[in-house]
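Q: File upload_12.txt below, compact mmCIF, C-alpha atoms and all ligand atoms:
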```
# COMPACT_ATOMS: atom_id res chain seq x y z
CA MET F 189 -5.92 0.92 11.70
CA SER F 190 -2.20 0.36 11.94
CA PHE F 191 0.34 -0.29 9.24
CA ILE F 192 3.52 -2.24 9.95
CA LEU F 193 6.50 -2.47 7.60
CA ILE F 194 9.22 -5.08 8.14
CA ARG F 195 12.29 -5.72 6.01
CA HIS F 196 13.26 -9.40 5.65
CA GLY F 197 15.90 -10.88 7.98
CA GLN F 198 19.53 -11.21 6.86
CA SER F 199 19.78 -13.04 3.53
CA VAL F 200 22.73 -15.08 2.26
CA SER F 201 23.48 -12.17 -0.12
CA ASN F 202 23.36 -9.62 2.74
CA GLN F 203 25.84 -11.79 4.64
CA LYS F 204 28.18 -11.89 1.63
CA ASN F 205 27.64 -8.15 0.98
CA LEU F 206 26.29 -8.77 -2.54
CA PHE F 207 23.85 -6.64 -4.56
CA THR F 208 20.66 -8.68 -4.40
CA GLY F 209 17.55 -7.10 -5.96
CA TRP F 210 15.56 -9.79 -7.80
CA TYR F 211 18.21 -12.44 -7.10
CA ASP F 212 16.46 -15.00 -4.91
CA ALA F 213 18.70 -15.37 -1.84
CA PRO F 214 17.25 -17.29 1.14
CA LEU F 215 17.63 -16.26 4.79
CA THR F 216 20.73 -17.17 6.79
CA SER F 217 20.26 -18.75 10.23
CA LEU F 218 20.76 -15.28 11.71
CA GLY F 219 18.08 -13.97 9.32
CA LYS F 220 15.66 -16.64 10.55
CA GLU F 221 16.40 -15.70 14.18
CA GLN F 222 15.84 -12.02 13.33
CA ALA F 223 12.45 -12.85 11.79
CA ILE F 224 11.41 -14.82 14.88
CA GLU F 225 12.61 -11.92 17.06
CA ALA F 226 10.46 -9.50 15.00
CA GLY F 227 7.51 -11.83 15.63
CA LYS F 228 8.23 -11.82 19.38
CA ILE F 229 8.26 -8.02 19.37
CA LEU F 230 4.86 -7.96 17.60
CA LYS F 231 3.55 -10.48 20.12
CA GLU F 232 4.75 -8.46 23.10
CA HIS F 233 2.96 -5.42 21.67
CA HIS F 234 -0.24 -7.51 21.26
CA VAL F 235 -0.39 -6.54 17.60
CA HIS F 236 -3.61 -7.23 15.74
CA LEU F 237 -3.30 -8.04 12.02
CA ASP F 238 -5.88 -8.64 9.30
CA THR F 239 -3.74 -9.09 6.18
CA VAL F 240 -0.13 -9.48 5.08
CA HIS F 241 1.52 -8.43 1.82
CA THR F 242 4.93 -9.55 0.64
CA SER F 243 7.02 -10.06 -2.49
CA LEU F 244 7.65 -13.13 -4.64
CA LEU F 245 11.15 -13.62 -3.23
CA THR F 246 12.18 -16.35 -0.81
CA ARG F 247 13.74 -14.08 1.85
CA THR F 248 10.54 -12.10 2.45
CA ILE F 249 8.26 -15.14 2.25
CA GLN F 250 10.40 -17.01 4.80
CA THR F 251 10.41 -13.91 7.05
CA THR F 252 6.64 -13.58 6.74
CA TYR F 253 5.90 -17.16 7.77
CA LEU F 254 8.44 -17.13 10.62
CA ILE F 255 6.76 -13.98 11.97
CA LEU F 256 3.26 -15.43 11.56
CA GLU F 257 4.28 -18.69 13.22
CA THR F 258 5.78 -16.78 16.16
CA ILE F 259 2.60 -14.75 16.67
CA ASP F 260 0.37 -17.84 16.21
CA LYS F 261 -1.31 -16.34 13.14
CA LEU F 262 -0.30 -18.66 10.31
CA TYR F 263 -3.96 -18.58 9.27
CA LEU F 264 -3.79 -14.96 8.08
CA PRO F 265 -4.12 -14.26 4.34
CA VAL F 266 -0.70 -13.59 2.75
CA HIS F 267 -0.75 -11.80 -0.61
CA LYS F 268 2.41 -12.15 -2.70
CA THR F 269 3.19 -9.79 -5.56
CA TRP F 270 6.13 -9.00 -7.85
CA ARG F 271 5.29 -5.32 -7.31
CA LEU F 272 6.82 -5.58 -3.82
CA ASN F 273 9.99 -7.35 -5.08
CA GLY F 274 13.30 -5.67 -4.18
CA ARG F 275 14.55 -2.85 -6.41
CA HIS F 276 16.13 -4.56 -9.46
CA TYR F 277 19.87 -3.84 -9.30
CA GLY F 278 20.49 -4.67 -12.97
CA ALA F 279 23.96 -5.90 -13.91
CA LEU F 280 25.16 -5.21 -10.35
CA GLU F 281 23.16 -8.17 -8.96
CA GLY F 282 25.52 -10.78 -7.53
CA MET F 283 28.45 -8.33 -7.37
CA ASN F 284 30.17 -7.65 -4.04
CA LYS F 285 29.47 -4.05 -2.94
CA ASP F 286 33.12 -3.41 -1.92
CA GLN F 287 34.27 -4.79 -5.27
CA ALA F 288 31.79 -2.48 -7.04
CA ARG F 289 33.26 0.51 -5.15
CA LYS F 290 36.74 -0.48 -6.36
CA ILE F 291 35.57 -0.74 -9.98
CA TYR F 292 33.15 2.20 -10.22
CA GLY F 293 34.20 4.44 -7.29
CA GLU F 294 32.57 5.22 -3.94
CA ASP F 295 30.41 8.11 -5.23
CA GLN F 296 28.93 6.25 -8.20
CA VAL F 297 28.04 3.25 -6.06
CA LYS F 298 26.46 5.53 -3.41
CA GLN F 299 24.38 7.19 -6.16
CA TRP F 300 23.19 3.82 -7.49
CA ARG F 301 22.34 2.65 -3.97
CA ARG F 302 20.75 5.69 -2.38
CA SER F 303 19.78 8.37 -4.90
CA TYR F 304 16.20 8.56 -6.15
CA ARG F 305 16.93 8.69 -9.85
CA ALA F 306 20.20 6.84 -10.61
CA VAL F 307 19.58 3.71 -12.74
CA PRO F 308 22.16 0.91 -12.30
CA PRO F 309 23.81 -0.69 -15.38
CA LEU F 310 21.11 -2.80 -17.08
CA ALA F 311 21.03 -6.61 -17.00
CA ASP F 312 19.85 -9.22 -19.45
CA THR F 313 16.76 -10.51 -17.59
CA HIS F 314 15.91 -13.28 -20.06
CA SER F 315 16.19 -15.96 -17.33
CA LEU F 316 13.55 -14.16 -15.25
CA CYS F 317 10.92 -14.78 -17.96
CA GLN F 318 10.69 -18.42 -16.79
CA ARG F 319 10.35 -17.37 -13.15
CA TYR F 320 7.68 -14.74 -13.90
CA PRO F 321 5.74 -16.27 -16.83
CA PHE F 322 2.67 -14.11 -16.00
CA LEU F 323 4.63 -10.90 -16.65
CA PRO F 324 5.11 -9.61 -20.21
CA PRO F 325 8.89 -9.64 -20.81
CA GLU F 326 8.90 -5.86 -21.35
CA VAL F 327 7.52 -5.35 -17.82
CA ILE F 328 10.34 -7.31 -16.15
CA PRO F 329 12.85 -4.66 -15.04
CA ARG F 330 16.45 -4.84 -16.27
CA GLY F 331 17.61 -2.43 -13.55
CA GLU F 332 15.63 0.18 -11.61
CA SER F 333 16.14 3.52 -9.92
CA LEU F 334 14.29 4.04 -6.66
CA GLU F 335 11.86 6.20 -8.62
CA GLN F 336 11.10 3.38 -11.08
CA THR F 337 10.70 0.98 -8.15
CA ARG F 338 8.21 3.37 -6.55
CA ARG F 339 6.24 3.71 -9.81
CA ARG F 340 5.75 -0.07 -10.18
CA MET F 341 4.78 -0.34 -6.48
CA GLU F 342 2.15 2.42 -6.70
CA PRO F 343 -0.67 0.50 -8.44
CA TYR F 344 -0.52 -2.20 -5.75
CA ILE F 345 -0.45 0.36 -2.94
CA GLU F 346 -3.34 2.34 -4.42
CA GLU F 347 -5.51 -0.56 -5.53
CA VAL F 348 -4.88 -3.12 -2.78
CA ILE F 349 -3.19 -1.78 0.37
CA GLN F 350 -4.79 1.67 0.62
CA PRO F 351 -8.39 0.36 0.37
CA GLU F 352 -7.66 -2.13 3.17
CA LEU F 353 -6.32 0.65 5.40
CA LEU F 354 -9.33 2.85 4.58
CA GLN F 355 -11.58 -0.02 5.70
CA GLY F 356 -9.77 0.08 9.06
CA ARG F 357 -7.78 -3.13 8.56
CA ASP F 358 -4.44 -3.71 10.31
CA VAL F 359 -1.90 -4.45 7.60
CA LEU F 360 1.63 -5.90 7.64
CA VAL F 361 4.01 -5.52 4.69
CA VAL F 362 7.17 -7.67 4.66
CA ALA F 363 9.45 -6.39 1.93
CA HIS F 364 12.91 -5.17 0.93
CA GLY F 365 15.20 -2.30 1.94
CA ASN F 366 14.58 -0.12 -1.13
CA VAL F 367 10.88 -0.96 -1.36
CA LEU F 368 10.53 0.18 2.25
CA ARG F 369 12.58 3.33 1.50
CA ALA F 370 10.00 4.08 -1.21
CA PHE F 371 7.13 3.40 1.24
CA THR F 372 8.80 5.76 3.75
CA MET F 373 9.11 8.44 1.06
CA ILE F 374 5.42 8.13 0.14
CA LEU F 375 4.07 7.97 3.71
CA GLU F 376 6.28 10.73 5.13
CA ASN F 377 6.25 12.87 1.99
CA LEU F 378 10.07 12.92 1.87
CA SER F 379 12.10 14.81 -0.73
CA GLU F 380 14.70 13.11 -2.93
CA GLU F 381 17.42 14.53 -0.64
CA GLU F 382 15.70 13.17 2.47
CA VAL F 383 15.16 9.68 1.06
CA PHE F 384 18.90 9.50 0.22
CA LYS F 385 19.62 9.16 3.94
CA VAL F 386 16.92 6.60 4.79
CA GLU F 387 18.32 3.22 5.82
CA ILE F 388 16.08 0.28 6.71
CA GLN F 389 17.41 -2.40 9.07
CA ASN F 390 16.65 -6.11 8.74
CA ALA F 391 13.56 -7.35 10.60
CA GLN F 392 12.78 -4.22 12.64
CA PRO F 393 9.05 -3.45 12.82
CA ILE F 394 8.27 0.11 11.62
CA VAL F 395 4.79 0.99 12.84
CA TYR F 396 2.57 3.78 11.48
CA ASP F 397 -0.67 5.08 12.96
CA PHE F 398 -2.82 7.14 10.61
CA HIS F 399 -5.49 9.81 10.78
CA SER F 400 -8.71 8.89 8.94
CA ASP F 401 -7.38 10.48 5.70
CA LEU F 402 -4.30 8.20 5.89
CA SER F 403 -1.93 11.02 6.82
CA VAL F 404 0.62 9.78 9.35
CA ALA F 405 -0.26 10.45 13.00
CA LYS F 406 2.68 8.60 14.54
CA LYS F 407 5.67 6.46 13.53
CA ILE F 408 7.66 4.23 15.83
CA ILE F 409 10.38 1.67 15.18
CA TRP F 410 10.12 -1.19 17.62
CA THR F 411 13.39 -2.64 18.80
CA ARG F 412 14.13 -4.66 21.91
CA SER F 413 15.07 -1.40 23.68
CA SER F 414 11.99 0.60 22.61
CA TYR F 415 9.64 -0.83 25.23
O1 LIG F 501 21.32 -5.54 -2.60
C1 LIG F 501 20.16 -5.16 -2.40
O2 LIG F 501 19.18 -5.59 -3.02
C2 LIG F 501 19.92 -4.07 -1.38
C3 LIG F 501 19.54 -4.59 -0.02
O3 LIG F 501 20.23 -5.68 0.38
O4 LIG F 501 21.10 -3.33 -1.28
P1 LIG F 501 21.19 -1.81 -0.83
O5 LIG F 501 21.60 -1.84 0.59
O6 LIG F 501 22.23 -1.23 -1.72
O7 LIG F 501 19.89 -1.14 -1.04
```
Spell out the structure here as structure tokens.
Ligand SMILES: O=C(O)[C@@H](CO)OP(=O)(O)O
A:
Amino acid sequence: MSFILIRHGQSVSNQKNLFTGWYDAPLTSLGKEQAIEAGKILKEHHVHLDTVHTSLLTRTIQTTYLILETIDKLYLPVHKTWRLNGRHYGALEGMNKDQARKIYGEDQVKQWRRSYRAVPPLADTHSLCQRYPFLPPEVIPRGESLEQTRRRMEPYIEEVIQPELLQGRDVLVVAHGNVLRAFTMILENLSEEEVFKVEIQNAQPIVYDFHSDLSVAKKIIWTRSSY
């Protein structure tokens, strides 16, 4: 089985350098091109896929379908879940990252963005209750650390993705930078210090091969220059 992780293409918020999280920014035209390019890379590697998992946010869903269209596999099942939504950035969502550095200082912003445990200032998420009516209001995050993001991802990984991999299925996950940092931490058994340095680029396929016990046998990031 193989397991492929892809972050969405550039979103309108990425382009404007804004904290995004659960804010629903669509792809830019560059983001759409990046998603198609990711699909071309998968196609050139003759990738086989059985299932796809993504979040409930527009940027990942658009990326998913652009990839599937490019590889002529729009028929594949796509499972969408809030548990793969981006890390909720709390009251920082919508704020420019340079502006945040000016207000809170470089170090604080770096901690919020890259440490495992720092929780951003909390937001009022009342408006999200209409968007996620199936979630009890107390479950909707008001701001998450990477650790809290990992914890709410874990049930989905354990109950849905892991069983598919154990059955030998080839699985694609299209998600968000911090969600994929958490995946990297889990798969590669990284420490808090190691995950601090992990950066995930837009629309670059990260491919894992596993041993039968799901320990990682090989990881490769496919870019245009890697083949
Ligand atoms: O704003 C966000 O949601 C994420 C990714 O765009 O930002 P960061 O790079 O700080 O993880």
Q: Grab the CA of Ile374 (chain F) to CA of Gln203 (chain F) distance for me, in Å with one decimal place.
A: 28.9 Å
Q: Separation of CA of Ser333 (chain F) and CA of Leu378 (chain F), in Å?
A: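 The value is 16.3 Å.
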Q: Which residue is closest to ligand LIG 501 (chain F)? Choose from F:Val235, F:Met341, F:Val386, F:Ile249 and count all atoms listed in the file.
A: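 Using all atoms listed in the file, ligand LIG 501 (chain F) sits closest to F:Val386.
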Q: Which polymer residues have any atom within 12 Å of an atom of region 258-264 of chain F, counting all atoms listed in the file, with same-chain residues fewer than 4 positions away left out, as a list in words?
A: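 Close residues of region 258-264 of chain F: Lys220, Glu221, Gln222, Ala223, Ile224, Glu225, Ala226, Gly227, Lys228, Ile229, Leu230, Lys231, Glu232, His233, His234, Val235, His236, Leu237, Asp238, Thr239, Val240, His241, Thr251, Thr252, Tyr253, Leu254, Asp358, Val359 and Leu360 of chain F.
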Q: Identify, on the basis of all atoms listed in the file, every residue whose closest approach to region 213-219 of chain F does not exceed 7 Å; exclude the query and any residue fewer than 6 positions from it along the same chain; express the result as a list in words.
A: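 Returned residues: Gly197, Gln198, Ser199, Val200, Ser201, Thr246 and Arg247 of chain F.
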Q: Find the residues around region 298-315 of chain F up to 10 Å (all atoms listed in the file counted), leave out those fewer than 5 positions away in its own chain, and share them as a ChimeraX atom specification.
A: /F:207,210,275-281,285,289,293,320,325-326,328-338,366,369-370,379-387
Q: I'd like to know which of F:Ile388, F:Leu323, F:Leu354, F:Leu244 is closest to ligand LIG 501 (chain F), using all atoms listed in the file.
A: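 Among the listed residues, F:Ile388 lies closest to ligand LIG 501 (chain F).
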Q: How far is it from CA of Val348 (chain F) to CA of His267 (chain F), in Å with one decimal?
A: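 Distance between the two atoms: 9.9 Å.
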Q: Find the residue from F:Val297, F:Leu316, F:Leu353, F:Ile194 that sits nearest to ligand LIG 501 (chain F); use all atoms listed in the file when measuring.
A: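 Using all atoms listed in the file, the shortest distance to ligand LIG 501 (chain F) belongs to F:Val297.
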Q: Choose the residue, out of F:Ser400, F:Arg271, F:Val395, F:Arg319, that has the smallest atom-to-atom separation from Glu347 (chain F); count only C-alpha atoms.
A: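 Counting only C-alpha atoms, the residue closest to Glu347 (chain F) is F:Arg271.
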Q: Go ahead and fit an axis-aligned box to every listed atom of region 301-307 of chain F plus 6 Å each side, and pass me the centre and edge lengths in Å, one decimal, as JSON.
A:
```
{"center_x": 19.3, "center_y": 5.7, "center_z": -7.6, "size_x": 18.1, "size_y": 18.0, "size_z": 22.4}
```
